[in-house]
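For reference, upload.tsv (TSV, N, CA and C atoms):
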chain	number	residue	atom	x	y	z
A	148	MET	N	0.81	-1.19	0.00
A	148	MET	CA	0.00	0.00	0.00
A	148	MET	C	0.86	1.26	0.00
A	149	ALA	N	1.93	1.25	0.78
A	149	ALA	CA	2.82	2.41	0.84
A	149	ALA	C	3.49	2.65	-0.51
A	150	GLN	N	3.75	1.55	-1.21
A	150	GLN	CA	4.38	1.67	-2.52
A	150	GLN	C	3.41	2.32	-3.52
A	151	ALA	N	2.12	2.01	-3.42
A	151	ALA	CA	1.11	2.61	-4.31
A	151	ALA	C	0.99	4.11	-4.05
A	152	GLN	N	1.08	4.52	-2.77
A	152	GLN	CA	1.01	5.95	-2.47
A	152	GLN	C	2.21	6.69	-3.02
A	153	GLY	N	3.38	6.07	-2.93
A	153	GLY	CA	4.58	6.68	-3.49
A	153	GLY	C	4.49	6.81	-5.00
A	154	LEU	N	3.88	5.82	-5.64
A	154	LEU	CA	3.71	5.85	-7.09
A	154	LEU	C	2.72	6.95	-7.49
A	155	GLY	N	1.66	7.12	-6.68
A	155	GLY	CA	0.68	8.18	-6.94
A	155	GLY	C	1.30	9.56	-6.82
A	156	LYS	N	2.14	9.74	-5.80
A	156	LYS	CA	2.82	11.03	-5.62
A	156	LYS	C	3.75	11.31	-6.79
A	157	LYS	N	4.37	10.25	-7.29
A	157	LYS	CA	5.30	10.41	-8.42
A	157	LYS	C	4.55	10.90	-9.66
A	158	TYR	N	3.37	10.31	-9.92
A	158	TYR	CA	2.58	10.72	-11.08
A	158	TYR	C	2.04	12.13	-10.92
A	159	ILE	N	1.61	12.48	-9.72
A	159	ILE	CA	1.11	13.84	-9.49
A	159	ILE	C	2.23	14.86	-9.66
A	160	LYS	N	3.40	14.54	-9.16
A	160	LYS	CA	4.54	15.45	-9.30
A	160	LYS	C	4.92	15.63	-10.77
A	161	ALA	N	4.92	14.54	-11.54
A	161	ALA	CA	5.23	14.62	-12.97
A	161	ALA	C	4.17	15.42	-13.72
A	162	PHE	N	2.90	15.23	-13.36
A	162	PHE	CA	1.82	15.98	-14.00
A	162	PHE	C	1.96	17.47	-13.72
A	163	LEU	N	2.19	17.83	-12.47
A	163	LEU	CA	2.31	19.25	-12.12
A	163	LEU	C	3.52	19.89	-12.79
A	164	LYS	N	4.61	19.15	-12.87
A	164	LYS	CA	5.80	19.69	-13.53
A	164	LYS	C	5.51	19.96	-15.01
A	165	GLY	N	4.85	19.03	-15.67
A	165	GLY	CA	4.48	19.22	-17.08
A	165	GLY	C	3.47	20.33	-17.25
A	166	PHE	N	2.53	20.44	-16.32
A	166	PHE	CA	1.50	21.47	-16.37
A	166	PHE	C	2.12	22.85	-16.28
A	167	PHE	N	3.05	23.04	-15.34
A	167	PHE	CA	3.65	24.35	-15.14
A	167	PHE	C	4.62	24.74	-16.26
A	168	VAL	N	4.99	23.78	-17.10
A	168	VAL	CA	5.79	24.10	-18.28
A	168	VAL	C	4.87	24.34	-19.47
A	169	ALA	N	3.82	23.54	-19.62
A	169	ALA	CA	2.95	23.61	-20.79
A	169	ALA	C	2.10	24.88	-20.81
A	170	VAL	N	1.60	25.31	-19.67
A	170	VAL	CA	0.72	26.48	-19.65
A	170	VAL	C	1.43	27.75	-20.10
A	171	PRO	N	2.59	28.11	-19.57
A	171	PRO	CA	3.24	29.33	-20.08
A	171	PRO	C	3.64	29.24	-21.55
A	172	VAL	N	4.07	28.06	-21.99
A	172	VAL	CA	4.43	27.90	-23.40
A	172	VAL	C	3.20	28.10	-24.29
A	173	THR	N	2.08	27.52	-23.91
A	173	THR	CA	0.85	27.66	-24.69
A	173	THR	C	0.36	29.10	-24.71
A	174	VAL	N	0.37	29.76	-23.58
A	174	VAL	CA	-0.09	31.16	-23.51
A	174	VAL	C	0.80	32.05	-24.36
A	175	THR	N	2.09	31.85	-24.29
A	175	THR	CA	3.03	32.64	-25.10
A	175	THR	C	2.80	32.39	-26.58
A	176	PHE	N	2.60	31.13	-26.97
A	176	PHE	CA	2.36	30.81	-28.38
A	176	PHE	C	1.08	31.49	-28.87
A	177	LEU	N	0.00	31.39	-28.11
A	177	LEU	CA	-1.27	31.98	-28.53
A	177	LEU	C	-1.21	33.50	-28.56
A	178	ASP	N	-0.38	34.10	-27.73
A	178	ASP	CA	-0.28	35.55	-27.68
A	178	ASP	C	0.66	36.11	-28.75
A	179	ARG	N	1.74	35.41	-29.03
A	179	ARG	CA	2.78	35.95	-29.91
A	179	ARG	C	2.80	35.39	-31.33
A	180	VAL	N	2.39	34.14	-31.52
A	180	VAL	CA	2.55	33.50	-32.83
A	180	VAL	C	1.23	33.40	-33.57
A	181	ALA	N	0.28	32.67	-33.05
A	181	ALA	CA	-0.99	32.48	-33.74
A	181	ALA	C	-2.04	31.96	-32.79
A	182	CYS	N	-3.31	32.15	-33.15
A	182	CYS	CA	-4.40	31.57	-32.39
A	182	CYS	C	-5.54	31.24	-33.36
A	183	VAL	N	-6.46	30.45	-32.88
A	183	VAL	CA	-7.60	30.01	-33.69
A	183	VAL	C	-8.82	30.81	-33.25
A	184	ALA	N	-9.62	31.27	-34.22
A	184	ALA	CA	-10.83	32.03	-33.92
A	184	ALA	C	-11.97	31.53	-34.80
A	185	ARG	N	-13.18	31.80	-34.36
A	185	ARG	CA	-14.37	31.40	-35.10
A	185	ARG	C	-15.03	32.65	-35.67
A	186	VAL	N	-15.42	32.59	-36.95
A	186	VAL	CA	-16.07	33.71	-37.62
A	186	VAL	C	-17.53	33.34	-37.81
A	187	GLU	N	-18.41	34.18	-37.27
A	187	GLU	CA	-19.85	33.95	-37.37
A	187	GLU	C	-20.50	35.17	-37.99
A	188	GLY	N	-21.64	34.97	-38.61
A	188	GLY	CA	-22.42	36.08	-39.13
A	188	GLY	C	-22.07	36.44	-40.56
A	189	ALA	N	-22.75	37.45	-41.06
A	189	ALA	CA	-22.65	37.84	-42.46
A	189	ALA	C	-21.62	38.94	-42.72
A	190	SER	N	-20.94	39.40	-41.71
A	190	SER	CA	-20.05	40.55	-41.88
A	190	SER	C	-18.86	40.25	-42.79
A	191	MET	N	-18.45	39.01	-42.90
A	191	MET	CA	-17.29	38.66	-43.72
A	191	MET	C	-17.67	37.95	-45.02
A	192	GLN	N	-18.95	37.93	-45.38
A	192	GLN	CA	-19.34	37.26	-46.62
A	192	GLN	C	-18.93	38.10	-47.81
A	193	PRO	N	-18.56	37.57	-48.92
A	193	PRO	CA	-18.56	36.16	-49.31
A	193	PRO	C	-17.24	35.45	-49.03
A	194	SER	N	-16.23	36.15	-48.49
A	194	SER	CA	-14.93	35.50	-48.23
A	194	SER	C	-15.06	34.39	-47.21
A	195	LEU	N	-15.74	34.66	-46.12
A	195	LEU	CA	-15.97	33.66	-45.08
A	195	LEU	C	-17.48	33.49	-44.91
A	196	ASN	N	-17.90	32.30	-44.53
A	196	ASN	CA	-19.31	31.96	-44.41
A	196	ASN	C	-20.07	32.21	-45.71
A	197	PRO	N	-19.61	31.65	-46.84
A	197	PRO	CA	-20.27	31.91	-48.12
A	197	PRO	C	-21.67	31.30	-48.17
A	198	GLY	N	-22.54	31.94	-48.91
A	198	GLY	CA	-23.88	31.40	-49.14
A	198	GLY	C	-24.81	31.51	-47.96
A	199	GLY	N	-24.47	32.29	-46.96
A	199	GLY	CA	-25.36	32.47	-45.83
A	199	GLY	C	-25.51	31.24	-44.95
A	200	ARG	N	-24.50	30.39	-44.91
A	200	ARG	CA	-24.60	29.19	-44.07
A	200	ARG	C	-24.72	29.57	-42.60
A	201	GLN	N	-25.38	28.73	-41.84
A	201	GLN	CA	-25.52	28.94	-40.40
A	201	GLN	C	-24.26	28.51	-39.66
A	202	ALA	N	-23.47	27.62	-40.27
A	202	ALA	CA	-22.24	27.15	-39.63
A	202	ALA	C	-21.19	28.26	-39.65
A	203	SER	N	-20.32	28.24	-38.68
A	203	SER	CA	-19.27	29.25	-38.62
A	203	SER	C	-17.98	28.69	-39.20
A	204	ASP	N	-17.13	29.57	-39.70
A	204	ASP	CA	-15.81	29.19	-40.21
A	204	ASP	C	-14.78	29.36	-39.10
A	205	VAL	N	-13.76	28.52	-39.15
A	205	VAL	CA	-12.66	28.60	-38.20
A	205	VAL	C	-11.43	29.11	-38.96
A	206	VAL	N	-10.77	30.12	-38.40
A	206	VAL	CA	-9.62	30.73	-39.06
A	206	VAL	C	-8.43	30.75	-38.10
A	207	LEU	N	-7.24	30.80	-38.68
A	207	LEU	CA	-6.01	30.93	-37.92
A	207	LEU	C	-5.57	32.39	-38.01
A	208	LEU	N	-5.46	33.04	-36.87
A	208	LEU	CA	-5.02	34.43	-36.82
A	208	LEU	C	-3.51	34.45	-36.61
A	209	ASN	N	-2.80	34.97	-37.59
A	209	ASN	CA	-1.34	34.98	-37.58
A	209	ASN	C	-0.85	36.28	-36.93
A	210	HIS	N	-0.40	36.19	-35.71
A	210	HIS	CA	0.11	37.37	-35.01
A	210	HIS	C	1.53	37.72	-35.46
A	211	TRP	N	2.25	36.74	-35.95
A	211	TRP	CA	3.66	36.93	-36.32
A	211	TRP	C	3.78	37.91	-37.49
A	212	SER	N	2.92	37.80	-38.50
A	212	SER	CA	2.99	38.70	-39.66
A	212	SER	C	2.73	40.15	-39.26
A	213	ILE	N	1.80	40.35	-38.35
A	213	ILE	CA	1.47	41.71	-37.93
A	213	ILE	C	2.64	42.33	-37.18
A	214	ARG	N	3.33	41.54	-36.38
A	214	ARG	CA	4.48	42.07	-35.63
A	214	ARG	C	5.60	42.51	-36.56
A	215	ASN	N	5.71	41.85	-37.72
A	215	ASN	CA	6.75	42.19	-38.70
A	215	ASN	C	6.24	43.13	-39.79
A	216	TYR	N	5.01	43.63	-39.64
A	216	TYR	CA	4.38	44.52	-40.63
A	216	TYR	C	4.37	43.89	-42.02
A	217	ASP	N	4.10	42.59	-42.07
A	217	ASP	CA	4.06	41.85	-43.33
A	217	ASP	C	2.61	41.66	-43.77
A	218	VAL	N	1.91	42.77	-43.99
A	218	VAL	CA	0.51	42.73	-44.41
A	218	VAL	C	0.44	43.14	-45.88
A	219	GLN	N	-0.22	42.33	-46.68
A	219	GLN	CA	-0.35	42.58	-48.12
A	219	GLN	C	-1.78	43.00	-48.46
A	220	ARG	N	-1.93	43.59	-49.62
A	220	ARG	CA	-3.26	43.95	-50.10
A	220	ARG	C	-4.05	42.66	-50.29
A	221	GLY	N	-5.29	42.65	-49.84
A	221	GLY	CA	-6.14	41.48	-49.95
A	221	GLY	C	-6.16	40.62	-48.70
A	222	ASP	N	-5.27	40.87	-47.75
A	222	ASP	CA	-5.26	40.13	-46.49
A	222	ASP	C	-6.46	40.55	-45.64
A	223	ILE	N	-6.99	39.59	-44.91
A	223	ILE	CA	-8.06	39.90	-43.96
A	223	ILE	C	-7.41	40.17	-42.62
A	224	VAL	N	-7.73	41.31	-42.03
A	224	VAL	CA	-7.14	41.73	-40.77
A	224	VAL	C	-8.22	41.76	-39.69
A	225	SER	N	-7.90	41.21	-38.54
A	225	SER	CA	-8.83	41.19	-37.41
A	225	SER	C	-8.37	42.20	-36.37
A	226	LEU	N	-9.27	43.06	-35.93
A	226	LEU	CA	-8.95	44.06	-34.92
A	226	LEU	C	-9.74	43.77	-33.65
A	227	VAL	N	-9.10	43.98	-32.50
A	227	VAL	CA	-9.75	43.77	-31.22
A	227	VAL	C	-9.72	45.08	-30.46
A	228	ASP	N	-10.87	45.47	-29.94
A	228	ASP	CA	-10.96	46.72	-29.18
A	228	ASP	C	-10.95	46.41	-27.71
Could you spell out this file's structure in structure tokens?
Amino acid sequence: MAQAQGLGKKYIKAFLKGFFVAVPVTVTFLDRVACVARVEGASMQPSLNPGGRQASDVVLLNHWSIRNYDVQRGDIVSLVD
């Protein structure tokens, strides 16, 4: 029984160690590199949600290009207030 408790503590310690590494890496990636967003409604038609579908489109927002001012004519830009 004591051996099982030691094994449980080992797994919990490994989980917490991985958790405290994964969370900052994920937050940094989503803030600095890219994130996924959902586009709903008719505001972006016909480029996104063509034909008036009720389903929403999923897009990848590239934060890296904006930081390097690499925006071209025809690119869709998302602004957050």
task = as number ranges by chain, please: all residues of range 171-224 of chain A that backbone DSSP puts in helix (DSSP H, G or I).
result = A: 171-179, 197-199, 210-214
task = Pick out the residues sitting within 8 Å of Glu187 in chain A, and hand them over as a VMD selection string; count only N, CA and C atoms, and ignore anything fewer than 2 positions along from it in its own chain.
result = chain A and resid 184 to 185 189 to 191 195 to 196 201 to 205
task = Name all residues at most 6.5 Å from Leu208 in chain A (count only N, CA and C atoms; drop same-chain ones fewer than 6 positions away) and give them as a VMD selection string.
result = chain A and resid 180 to 184
query = Out of A:Ala161, A:Val227, A:Val218, A:Val206, which residue has the shortest atom-to-atom distance to Val186 in chain A when counting all atoms listed in the file?
reply =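 With all atoms listed in the file as the atom set, the closest residue is A:Val206.
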Residue nearest Trp211 in chain A among A:Pro197, A:Val172, A:Tyr158, A:Asp178 (counting all atoms listed in the file) = A:Asp178
request  = Report the distance between CA of Arg179 in chain A and CA of Leu163 in chain A in Å, rounded to one decimal place.
outcome  =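 Those two atoms sit 24.4 Å apart.
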query = Between CA of Val224 in chain A and atom N of His210 in chain A, what is the distance, to one decimal in Å?
reply =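 Between CA of Val224 in chain A and atom N of His210 in chain A the gap is 10.1 Å.
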task = State, in Å with one decimal place, the distance from CA of Gln219 in chain A to CA of Leu207 in chain A.
result = 16.5 Å
task = Return as a VMD selection string the full set of residues in chain A whose backbone-based DSSP assignment is strand (DSSP E).
result = chain A and resid 181 to 186 204 to 209
request  = For each of A:Leu177, A:Ile159, A:Ile213, A:Val170, take the minimum atom-to-atom distance to Leu226 in chain A, counting only C-alpha atoms, then give the residue where this is smallest.
outcome  =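 So, comparing all the options, the nearest one is A:Ile213.
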Can you take the partial range 170-193 of chain A, add N, CA, C and O atoms, and return it as an mmCIF file, in the frame of the given file?
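The new file part_25.cif reads:
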data_model
loop_
_atom_site.group_PDB
_atom_site.id
_atom_site.type_symbol
_atom_site.label_atom_id
_atom_site.label_comp_id
_atom_site.auth_asym_id
_atom_site.auth_seq_id
_atom_site.Cartn_x
_atom_site.Cartn_y
_atom_site.Cartn_z
ATOM 1 N N VAL A 170 1.600 25.310 -19.670
ATOM 2 C CA VAL A 170 0.720 26.480 -19.650
ATOM 3 C C VAL A 170 1.430 27.750 -20.100
ATOM 4 O O VAL A 170 0.926 28.449 -20.988
ATOM 5 N N PRO A 171 2.590 28.110 -19.570
ATOM 6 C CA PRO A 171 3.240 29.330 -20.080
ATOM 7 C C PRO A 171 3.640 29.240 -21.550
ATOM 8 O O PRO A 171 3.557 30.235 -22.278
ATOM 9 N N VAL A 172 4.070 28.060 -21.990
ATOM 10 C CA VAL A 172 4.430 27.900 -23.400
ATOM 11 C C VAL A 172 3.200 28.100 -24.290
ATOM 12 O O VAL A 172 3.254 28.797 -25.308
ATOM 13 N N THR A 173 2.080 27.520 -23.910
ATOM 14 C CA THR A 173 0.850 27.660 -24.690
ATOM 15 C C THR A 173 0.360 29.100 -24.710
ATOM 16 O O THR A 173 -0.023 29.617 -25.769
ATOM 17 N N VAL A 174 0.370 29.760 -23.580
ATOM 18 C CA VAL A 174 -0.090 31.160 -23.510
ATOM 19 C C VAL A 174 0.800 32.050 -24.360
ATOM 20 O O VAL A 174 0.322 32.914 -25.099
ATOM 21 N N THR A 175 2.090 31.850 -24.290
ATOM 22 C CA THR A 175 3.030 32.640 -25.100
ATOM 23 C C THR A 175 2.800 32.390 -26.580
ATOM 24 O O THR A 175 2.792 33.331 -27.380
ATOM 25 N N PHE A 176 2.600 31.130 -26.970
ATOM 26 C CA PHE A 176 2.360 30.810 -28.380
ATOM 27 C C PHE A 176 1.080 31.490 -28.870
ATOM 28 O O PHE A 176 1.068 32.113 -29.932
ATOM 29 N N LEU A 177 0.000 31.390 -28.110
ATOM 30 C CA LEU A 177 -1.270 31.980 -28.530
ATOM 31 C C LEU A 177 -1.210 33.500 -28.560
ATOM 32 O O LEU A 177 -1.890 34.138 -29.354
ATOM 33 N N ASP A 178 -0.380 34.100 -27.730
ATOM 34 C CA ASP A 178 -0.280 35.550 -27.680
ATOM 35 C C ASP A 178 0.660 36.110 -28.750
ATOM 36 O O ASP A 178 0.400 37.168 -29.319
ATOM 37 N N ARG A 179 1.740 35.410 -29.030
ATOM 38 C CA ARG A 179 2.780 35.950 -29.910
ATOM 39 C C ARG A 179 2.800 35.390 -31.330
ATOM 40 O O ARG A 179 3.212 36.069 -32.253
ATOM 41 N N VAL A 180 2.390 34.140 -31.520
ATOM 42 C CA VAL A 180 2.550 33.500 -32.830
ATOM 43 C C VAL A 180 1.230 33.400 -33.570
ATOM 44 O O VAL A 180 1.078 33.975 -34.644
ATOM 45 N N ALA A 181 0.280 32.670 -33.050
ATOM 46 C CA ALA A 181 -0.990 32.480 -33.740
ATOM 47 C C ALA A 181 -2.040 31.960 -32.790
ATOM 48 O O ALA A 181 -1.718 31.387 -31.757
ATOM 49 N N CYS A 182 -3.310 32.150 -33.150
ATOM 50 C CA CYS A 182 -4.400 31.570 -32.390
ATOM 51 C C CYS A 182 -5.540 31.240 -33.360
ATOM 52 O O CYS A 182 -5.567 31.692 -34.490
ATOM 53 N N VAL A 183 -6.460 30.450 -32.880
ATOM 54 C CA VAL A 183 -7.600 30.010 -33.690
ATOM 55 C C VAL A 183 -8.820 30.810 -33.250
ATOM 56 O O VAL A 183 -9.050 31.010 -32.063
ATOM 57 N N ALA A 184 -9.620 31.270 -34.220
ATOM 58 C CA ALA A 184 -10.830 32.030 -33.920
ATOM 59 C C ALA A 184 -11.970 31.530 -34.800
ATOM 60 O O ALA A 184 -11.757 30.934 -35.859
ATOM 61 N N ARG A 185 -13.180 31.800 -34.360
ATOM 62 C CA ARG A 185 -14.370 31.400 -35.100
ATOM 63 C C ARG A 185 -15.030 32.650 -35.670
ATOM 64 O O ARG A 185 -15.198 33.653 -34.967
ATOM 65 N N VAL A 186 -15.420 32.590 -36.950
ATOM 66 C CA VAL A 186 -16.070 33.710 -37.620
ATOM 67 C C VAL A 186 -17.530 33.340 -37.810
ATOM 68 O O VAL A 186 -17.860 32.340 -38.431
ATOM 69 N N GLU A 187 -18.410 34.180 -37.270
ATOM 70 C CA GLU A 187 -19.850 33.950 -37.370
ATOM 71 C C GLU A 187 -20.500 35.170 -37.990
ATOM 72 O O GLU A 187 -19.996 36.273 -37.894
ATOM 73 N N GLY A 188 -21.640 34.970 -38.610
ATOM 74 C CA GLY A 188 -22.420 36.080 -39.130
ATOM 75 C C GLY A 188 -22.070 36.440 -40.560
ATOM 76 O O GLY A 188 -21.207 35.851 -41.199
ATOM 77 N N ALA A 189 -22.750 37.450 -41.060
ATOM 78 C CA ALA A 189 -22.650 37.840 -42.460
ATOM 79 C C ALA A 189 -21.620 38.940 -42.720
ATOM 80 O O ALA A 189 -21.448 39.351 -43.857
ATOM 81 N N SER A 190 -20.940 39.400 -41.710
ATOM 82 C CA SER A 190 -20.050 40.550 -41.880
ATOM 83 C C SER A 190 -18.860 40.250 -42.790
ATOM 84 O O SER A 190 -18.308 41.162 -43.390
ATOM 85 N N MET A 191 -18.450 39.010 -42.900
ATOM 86 C CA MET A 191 -17.290 38.660 -43.720
ATOM 87 C C MET A 191 -17.670 37.950 -45.020
ATOM 88 O O MET A 191 -16.813 37.411 -45.691
ATOM 89 N N GLN A 192 -18.950 37.930 -45.380
ATOM 90 C CA GLN A 192 -19.340 37.260 -46.620
ATOM 91 C C GLN A 192 -18.930 38.100 -47.810
ATOM 92 O O GLN A 192 -18.904 39.315 -47.702
ATOM 93 N N PRO A 193 -18.560 37.570 -48.920
ATOM 94 C CA PRO A 193 -18.560 36.160 -49.310
ATOM 95 C C PRO A 193 -17.240 35.450 -49.030
ATOM 96 O O PRO A 193 -17.104 34.278 -49.302
#
